[in-house]
Amino acid sequence: MKRRKFIQTASLGSAALSSLHLSNAPTLAPRPTKSKYMGGFQAKPLQKIKAAFIGLGYRGKDHLQNFATLEGTEVVALCDLYQENVNKKLVLLQKIRPEYSETQPKMYWGDENQWKIMLEEVRPDVVFISTNWVNHAPMAIGSMEHGAHAFVEVPLATSIADLWAIIESSERTHKHCMMMENVNYGRDELLFLNLCRQGYIGELLHAEAAYIHELRWQMHEENKGTGSWRTHHYASGRGNLYPTHGLGPVAQYMNLARTEDSFKSLVSFSSPAKGRQDYAQENFPADHKWNQLQFRNGDINTSLVKTQLGRTLMIQWDETSPRPYTRHNLIQGTLGTLAGFPTRIAREGGVEGITKDHHRWVQGTDLETFYEMYDHPLYKKLNASTKNSGHGGMDGIMMVRIVECLQQGLPLDQNVYEGAFWSAVGPLSAASATQEGMPQKFPDFTRGDWKETKPLAIVH
Ligand SMILES: NC(=O)c1ccc[n+]([C@@H]2O[C@H](COP(=O)([O-])OP(=O)(O)OC[C@H]3O[C@@H](n4cnc5c(N)ncnc54)[C@H](O)[C@@H]3O)[C@@H](O)[C@H]2O)c1
């Protein structure tokens, strides 16, 4: 009796605490007894993976297409708010897999809650979630609670409380919850990971990551599509709204939240907010809904992260200013630098056969032989079959890895804690930027267990 009472009290304590997980909260309740640490988690192998898809707009289509082209996969349900989206994606699916003309997957549309009915009726093995950001957490948690592994678009969630709720659900249900950071599978990102693992630039000290992508045009998607919901975030959100594309890869180069080091604290500042208001005034009538919004989130956000080992990361975000796309993708080591946009490499003593010292970048056509020597084996193996899968092939490589890890019962390349740490830069940058750069501590989503998780291997 005493033991049961203790367990009940302990789990009640943890539930109560989880709603209070503040960014600067110093102590954490222990993980409830039946829950387990999910870093390196291996699920029962799934020979044939039955998948449901929630959100079939711009991004959901890519996942459906890439999943359905792989062997050992079955699409059991499609769900979106709009019947039109579901019907269009069914036609696409039938082109890839003619058998779905005979037996259609179950289809759901019509209101915000159809996905709940779908989970009850279909009981899929996995759910791909590609909806607007506020739906990510309830849909991921709902999927796991219904016995499915959840694969969620970026960012995993937009608040620290939701990130904890996702982790607690994954640990309690023993289900994967992977945030699908496709950029980690880009050619250059895989190349840099390979080089870092080989010690090519020595000990890693500092990284620079970004999502700088001018997306004002999305405001013309006024009633449906990405701009219809994302535009509201530029008004009501704060700080870095989309941190993970740049951060995911550099965090894995540095083995953050895996054995070596982890996220510690962050400071952040935002520029004034100008571009969205100007764009709304120039492109929409005065009484238009975009002109009723006050775009308060600064156009450009810059955060600095300090790790447990004292290493540093600079993370920038700007979806508004007129300038070319970049994710920075820079990693600085004691012996050299790897940088992106454009791809550049410098190394002490020079790069073999190309440069003589670190004062000149290897770039452009000079990189060709370098790619030949150091391309990641996964890229070499999969490029031919995935190069048209989206975003230069990274989407297809990611899906191949998801499917093979599920089929073989292997740990996924990105665990639930990595998704949470990378996404946490969103709410932590908001907290810091609204308090004059006040430092924010990262919650330790692993409760100290990151030291047990092996670095991501160079998988073949
Ligand atoms: N990784 C990448 O490269 C990448 C690229 C683009 C978008 N994204 C992410 O993908 C997600 C979706 O973005 P998008 O551009 O496809 O947006 P979108 O608006 O085109 O698609 C979202 C879809 O979700 C559906 N939806 C919303 N609420 C729903 C509900 N309650 N039930 C069922 N369906 C619902 C909408 O009807 C819509 O079709 C976002 O998280 C975004 O950040 C990632």
# chains A, B, ... in the order shown; residues from 1 in each chain; ligands from 1
>>> closest_atom_pairs(of="chain A", to="ligand 1", cutoff="8 Å", atoms="only C-alpha atoms and all ligand atoms", output="tab-separated table")
residue	atom	partner	partner_atom_place_in_ligand_line	distance
A:Ile54	CA	ligand 1	33 (C)	5.3
A:Gly55	CA	ligand 1	24 (O)	3.5
A:Leu56	CA	ligand 1	39 (O)	4.7
A:Gly57	CA	ligand 1	21 (O)	3.5
A:Tyr58	CA	ligand 1	16 (O)	3.7
A:Arg59	CA	ligand 1	16 (O)	3.6
A:Gly60	CA	ligand 1	16 (O)	5.8
A:Lys61	CA	ligand 1	16 (O)	7.9
A:Cys79	CA	ligand 1	33 (C)	5.4
A:Asp80	CA	ligand 1	34 (N)	3.4
A:Leu81	CA	ligand 1	37 (O)	4.2
A:Tyr82	CA	ligand 1	37 (O)	5.6
A:Asn85	CA	ligand 1	39 (O)	6.4
A:Trp109	CA	ligand 1	33 (C)	6.8
A:Asp111	CA	ligand 1	31 (N)	6.6
A:Glu112	CA	ligand 1	31 (N)	3.6
A:Asn113	CA	ligand 1	31 (N)	5.7
A:Gln114	CA	ligand 1	32 (N)	6.2
A:Trp115	CA	ligand 1	32 (N)	5.7
A:Ile129	CA	ligand 1	11 (C)	7.7
A:Ser130	CA	ligand 1	11 (C)	4.3
A:Thr131	CA	ligand 1	24 (O)	3.6
A:Asn132	CA	ligand 1	40 (C)	5.0
A:Trp133	CA	ligand 1	41 (O)	5.0
A:Asn135	CA	ligand 1	28 (N)	6.6
A:His136	CA	ligand 1	41 (O)	7.3
A:Val152	CA	ligand 1	41 (O)	7.7
A:Glu153	CA	ligand 1	41 (O)	4.7
A:Val154	CA	ligand 1	43 (O)	4.9
A:Pro155	CA	ligand 1	41 (O)	6.2
A:Leu156	CA	ligand 1	41 (O)	7.9
A:Met180	CA	ligand 1	1 (N)	6.7
A:Glu181	CA	ligand 1	1 (N)	6.0
A:Asn182	CA	ligand 1	1 (N)	5.6
A:Val183	CA	ligand 1	3 (O)	7.3
A:Lys224	CA	ligand 1	19 (O)	6.5
A:Gly225	CA	ligand 1	19 (O)	3.6
A:Thr226	CA	ligand 1	19 (O)	3.7
A:Gly227	CA	ligand 1	19 (O)	7.2
A:Ser228	CA	ligand 1	19 (O)	7.1
A:Trp229	CA	ligand 1	19 (O)	7.0
A:Tyr242	CA	ligand 1	43 (O)	7.6
A:His245	CA	ligand 1	1 (N)	7.5
A:His391	CA	ligand 1	3 (O)	7.0
A:Asp395	CA	ligand 1	3 (O)	7.7
>>> write_last_selection(atoms="C-alpha atoms", output="short mmCIF file (atom, residue, chain, number, x, y, z; two decimals), in the first residue's frame")
data_model
loop_
_atom_site.label_atom_id
_atom_site.label_comp_id
_atom_site.auth_asym_id
_atom_site.auth_seq_id
_atom_site.Cartn_x
_atom_site.Cartn_y
_atom_site.Cartn_z
CA ILE A 54 -2.68 14.47 -40.97
CA GLY A 55 -2.30 17.74 -42.88
CA LEU A 56 -2.18 17.39 -46.65
CA GLY A 57 -1.24 20.89 -47.72
CA TYR A 58 2.09 21.89 -49.20
CA ARG A 59 4.29 19.75 -46.97
CA GLY A 60 2.03 16.76 -46.29
CA LYS A 61 2.03 15.96 -50.00
CA CYS A 79 -6.88 13.53 -43.08
CA ASP A 80 -7.12 17.27 -43.75
CA LEU A 81 -9.53 20.09 -43.00
CA TYR A 82 -10.50 20.24 -46.66
CA ASN A 85 -6.89 18.41 -50.30
CA TRP A 109 -12.01 15.92 -43.57
CA ASP A 111 -13.50 19.91 -39.16
CA GLU A 112 -10.61 20.41 -36.75
CA ASN A 113 -11.27 17.15 -34.84
CA GLN A 114 -11.55 14.54 -37.57
CA TRP A 115 -8.00 13.35 -36.81
CA ILE A 129 1.79 15.33 -38.96
CA SER A 130 2.20 18.27 -41.35
CA THR A 131 -0.24 20.84 -40.04
CA ASN A 132 0.07 24.38 -38.71
CA TRP A 133 2.30 24.72 -35.64
CA ASN A 135 -1.64 21.47 -33.83
CA HIS A 136 1.70 19.67 -33.67
CA VAL A 152 6.06 15.73 -36.80
CA GLU A 153 6.97 18.66 -39.00
CA VAL A 154 9.17 21.50 -37.76
CA PRO A 155 9.11 22.99 -35.17
CA LEU A 156 8.07 20.13 -32.86
CA MET A 180 11.36 15.55 -39.16
CA GLU A 181 14.35 17.87 -39.62
CA ASN A 182 14.97 17.15 -43.28
CA VAL A 183 17.92 19.55 -43.54
CA LYS A 224 -5.95 28.81 -47.15
CA GLY A 225 -2.37 27.50 -47.19
CA THR A 226 0.76 28.40 -45.25
CA GLY A 227 0.44 32.20 -45.28
CA SER A 228 -3.12 32.05 -43.91
CA TRP A 229 -1.90 30.79 -40.52
CA TYR A 242 11.67 28.75 -37.03
CA HIS A 245 16.55 23.99 -40.09
CA HIS A 391 14.61 20.09 -51.28
CA ASP A 395 13.34 14.77 -48.08
#
>>> residues_around(residues="Trp361 of chain A", least_positions_apart="5", cutoff="12 Å", atoms="only C-alpha atoms", output="ChimeraX atom specification")
/A:336-340,342-348,350-351,354-356,366-367
>>> closest_atom_pairs(of="segment 176-265 of chain A", to="segment 276-281 of chain A", cutoff="10 Å", atoms="only C-alpha atoms", output="JSON lines")
{"residue": "A:Leu215", "atom": "CA", "partner": "A:Arg276", "partner_atom": "CA", "distance": 9.9}
{"residue": "A:Arg216", "atom": "CA", "partner": "A:Arg276", "partner_atom": "CA", "distance": 6.9}
{"residue": "A:Trp217", "atom": "CA", "partner": "A:Tyr279", "partner_atom": "CA", "distance": 9.0}
{"residue": "A:Met219", "atom": "CA", "partner": "A:Ala280", "partner_atom": "CA", "distance": 8.1}
{"residue": "A:His220", "atom": "CA", "partner": "A:Ala280", "partner_atom": "CA", "distance": 9.7}
{"residue": "A:Thr231", "atom": "CA", "partner": "A:Arg276", "partner_atom": "CA", "distance": 8.9}
{"residue": "A:Tyr234", "atom": "CA", "partner": "A:Arg276", "partner_atom": "CA", "distance": 7.9}
{"residue": "A:Ala235", "atom": "CA", "partner": "A:Arg276", "partner_atom": "CA", "distance": 8.8}
>>> write_last_selection(atoms="C-alpha atoms", output="mmCIF file, in the first residue's frame")
data_model
loop_
_atom_site.group_PDB
_atom_site.id
_atom_site.type_symbol
_atom_site.label_atom_id
_atom_site.label_comp_id
_atom_site.auth_asym_id
_atom_site.auth_seq_id
_atom_site.Cartn_x
_atom_site.Cartn_y
_atom_site.Cartn_z
ATOM 1 C CA LEU A 215 8.650 34.590 -47.308
ATOM 2 C CA ARG A 216 6.542 37.770 -47.407
ATOM 3 C CA TRP A 217 4.841 36.458 -50.549
ATOM 4 C CA MET A 219 0.833 36.691 -47.168
ATOM 5 C CA HIS A 220 -1.018 36.329 -50.492
ATOM 6 C CA THR A 231 1.232 35.352 -41.002
ATOM 7 C CA TYR A 234 4.756 37.300 -37.204
ATOM 8 C CA ALA A 235 2.264 39.472 -35.364
#
>>> closest_residue(among="A:Gly110, A:Pro411, A:Gly298, A:Gly448", to="Phe263 of chain A", atoms="only C-alpha atoms")
A:Gly448
>>> residues_around(residues="Glu418 of chain A", least_positions_apart="4", cutoff="7 Å", atoms="only C-alpha atoms", output="CSV table (one decimal) with C-alpha atoms, in the first residue's frame")
chain,number,residue,atom,x,y,z
A,257,ALA,CA,22.3,16.1,-26.3
A,414,GLN,CA,16.8,12.1,-34.4
A,422,TRP,CA,16.2,22.4,-31.2
>>> residues_around(residues="Met314 of chain A", least_positions_apart="3", cutoff="8 Å", atoms="only C-alpha atoms", output="compact mmCIF listing (two decimals) with N, CA and C atoms, in the first residue's frame")
# COMPACT_ATOMS: atom_id res chain seq x y z
N ALA A 207 29.42 27.21 -33.74
CA ALA A 207 28.62 26.98 -34.95
C ALA A 207 27.76 28.20 -35.24
N GLU A 208 27.41 28.37 -36.51
CA GLU A 208 26.47 29.43 -36.89
C GLU A 208 25.38 28.81 -37.75
N ALA A 209 24.13 29.09 -37.37
CA ALA A 209 22.99 28.45 -38.02
C ALA A 209 21.95 29.52 -38.29
N THR A 302 18.47 37.30 -33.44
CA THR A 302 19.80 36.70 -33.29
C THR A 302 19.93 36.16 -31.86
N SER A 303 20.25 34.88 -31.77
CA SER A 303 20.42 34.25 -30.45
C SER A 303 21.82 33.69 -30.34
N LEU A 304 22.32 33.65 -29.12
CA LEU A 304 23.60 33.00 -28.83
C LEU A 304 23.35 31.91 -27.80
N VAL A 305 23.83 30.72 -28.10
CA VAL A 305 23.66 29.59 -27.18
C VAL A 305 25.02 29.21 -26.62
>>> select_by_dssp(residues="segment 308-410 of chain A", states="helix (DSSP H, G or I)", output="MDAnalysis selection string")
chainID A and resid 364:374 377:386 391:408
>>> residues_around(residues="segment 197-205 of chain A", least_positions_apart="5", cutoff="8 Å", atoms="only C-alpha atoms", output="ChimeraX atom specification")
/A:253-254,311-312,331-338,347,458
>>> residues_around(residues="Ala140 of chain A", least_positions_apart="6", cutoff="9 Å", atoms="only C-alpha atoms", output="PyMOL selection string")
chain A and resi 127-129+149-152+156+166+169+177
>>> residues_around(residues="Gln407 of chain A", least_positions_apart="3", cutoff="12 Å", atoms="only C-alpha atoms", output="list of chain:residue names")
A:Gln42, A:Ala43, A:Lys44, A:Pro45, A:Leu46, A:Gln47, A:Lys48, A:Ile49, A:Lys50, A:Leu70, A:Glu71, A:Gly72, A:Thr73, A:Asp125, A:Val126, A:Val400, A:Arg401, A:Ile402, A:Val403, A:Glu404, A:Leu410, A:Pro411, A:Leu412
>>> write_last_selection(atoms="C-alpha atoms", output="PDB file, in the first residue's frame")
ATOM      1  CA  GLN A  42      14.444   0.734 -30.353  1.00  0.00           C
ATOM      2  CA  ALA A  43      10.841  -0.132 -31.166  1.00  0.00           C
ATOM      3  CA  LYS A  44       9.532  -3.522 -32.254  1.00  0.00           C
ATOM      4  CA  PRO A  45      10.389  -3.901 -35.975  1.00  0.00           C
ATOM      5  CA  LEU A  46       7.481  -3.213 -38.335  1.00  0.00           C
ATOM      6  CA  GLN A  47       7.699  -5.340 -41.491  1.00  0.00           C
ATOM      7  CA  LYS A  48       4.896  -3.402 -43.142  1.00  0.00           C
ATOM      8  CA  ILE A  49       4.372   0.125 -41.868  1.00  0.00           C
ATOM      9  CA  LYS A  50       0.749   1.308 -41.762  1.00  0.00           C
ATOM     10  CA  LEU A  70       9.047   2.830 -50.612  1.00  0.00           C
ATOM     11  CA  GLU A  71       8.525  -0.910 -50.222  1.00  0.00           C
ATOM     12  CA  GLY A  72       6.930  -2.317 -47.080  1.00  0.00           C
ATOM     13  CA  THR A  73       4.675   0.686 -46.623  1.00  0.00           C
ATOM     14  CA  ASP A 125       1.456   2.245 -36.730  1.00  0.00           C
ATOM     15  CA  VAL A 126       2.742   5.725 -37.513  1.00  0.00           C
ATOM     16  CA  VAL A 400      14.278   6.174 -46.478  1.00  0.00           C
ATOM     17  CA  ARG A 401      15.964   6.383 -43.065  1.00  0.00           C
ATOM     18  CA  ILE A 402      12.639   6.661 -41.206  1.00  0.00           C
ATOM     19  CA  VAL A 403      11.262   3.613 -43.008  1.00  0.00           C
ATOM     20  CA  GLU A 404      14.388   1.463 -42.660  1.00  0.00           C
ATOM     21  CA  LEU A 410      16.689   0.650 -35.060  1.00  0.00           C
ATOM     22  CA  PRO A 411      16.942   3.923 -33.108  1.00  0.00           C
ATOM     23  CA  LEU A 412      15.838   6.850 -35.268  1.00  0.00           C
TER      24      LEU A 412
END
>>> select_by_dssp(residues="segment 187-395 of chain A", states="strand (DSSP E)", output="PyMOL selection string")
chain A and resi 204-212+263-270+301-307+312-318+330-333+336-339+344-347+362-363
>>> write_last_selection(atoms="C-alpha atoms", output="tab-separated table (two decimals), in the first residue's frame")
chain	number	residue	atom	x	y	z
A	204	LEU	CA	34.57	21.77	-32.62
A	205	LEU	CA	34.24	25.14	-30.89
A	206	HIS	CA	31.51	27.22	-32.47
A	207	ALA	CA	28.62	26.98	-34.95
A	208	GLU	CA	26.47	29.43	-36.89
A	209	ALA	CA	22.99	28.45	-38.02
A	210	ALA	CA	20.11	30.32	-39.59
A	211	TYR	CA	16.82	30.30	-41.35
A	212	ILE	CA	16.98	33.38	-43.51
A	263	PHE	CA	22.46	22.85	-24.54
A	264	LYS	CA	22.89	25.11	-21.50
A	265	SER	CA	21.66	28.68	-21.94
A	266	LEU	CA	20.64	31.27	-24.49
A	267	VAL	CA	20.49	35.02	-24.94
A	268	SER	CA	18.56	36.65	-27.75
A	269	PHE	CA	17.74	40.01	-29.33
A	270	SER	CA	15.34	41.01	-32.09
A	301	ASN	CA	16.30	37.64	-34.48
A	302	THR	CA	19.80	36.70	-33.29
A	303	SER	CA	20.42	34.25	-30.45
A	304	LEU	CA	23.60	33.00	-28.83
A	305	VAL	CA	23.66	29.59	-27.18
A	306	LYS	CA	26.25	28.42	-24.68
A	307	THR	CA	26.68	24.66	-24.25
A	312	THR	CA	28.92	28.57	-28.65
A	313	LEU	CA	26.26	28.72	-31.36
A	314	MET	CA	24.87	31.77	-33.13
A	315	ILE	CA	21.36	31.22	-34.47
A	316	GLN	CA	19.62	33.74	-36.73
A	317	TRP	CA	16.12	33.98	-38.13
A	318	ASP	CA	14.64	36.32	-40.74
A	330	LEU	CA	29.03	27.07	-40.33
A	331	ILE	CA	31.09	24.93	-38.02
A	332	GLN	CA	34.40	26.16	-36.63
A	333	GLY	CA	36.99	23.76	-35.29
A	336	GLY	CA	39.52	24.67	-39.83
A	337	THR	CA	36.09	25.85	-40.91
A	338	LEU	CA	33.24	24.35	-42.89
A	339	ALA	CA	30.69	26.89	-44.09
A	344	ARG	CA	33.31	26.78	-48.42
A	345	ILE	CA	36.09	24.92	-46.66
A	346	ALA	CA	39.26	26.24	-45.07
A	347	ARG	CA	41.85	24.27	-43.18
A	362	VAL	CA	38.00	26.03	-51.23
A	363	GLN	CA	34.77	26.71	-53.08
>>> atom_distance(atom1="atom CA of Ala137 of chain A", atom2="atom CA of Ser159 of chain A")
9.4 Å
>>> atom_distance(atom1="atom CA of Leu78 of chain A", atom2="atom CA of Glu121 of chain A")
12.3 Å
>>> atom_distance(atom1="atom CA of Lys289 of chain A", atom2="atom CA of Glu221 of chain A")
12.2 Å
>>> closest_residue(among="A:Glu319, A:Cys196, A:Glu171, A:Met373", to="Gln218 of chain A", atoms="only C-alpha atoms")
A:Glu319
>>> closest_residue(among="A:Met438, A:Leu428, A:Ala420, A:Leu28", to="Leu241 of chain A", atoms="only C-alpha atoms")
A:Leu428
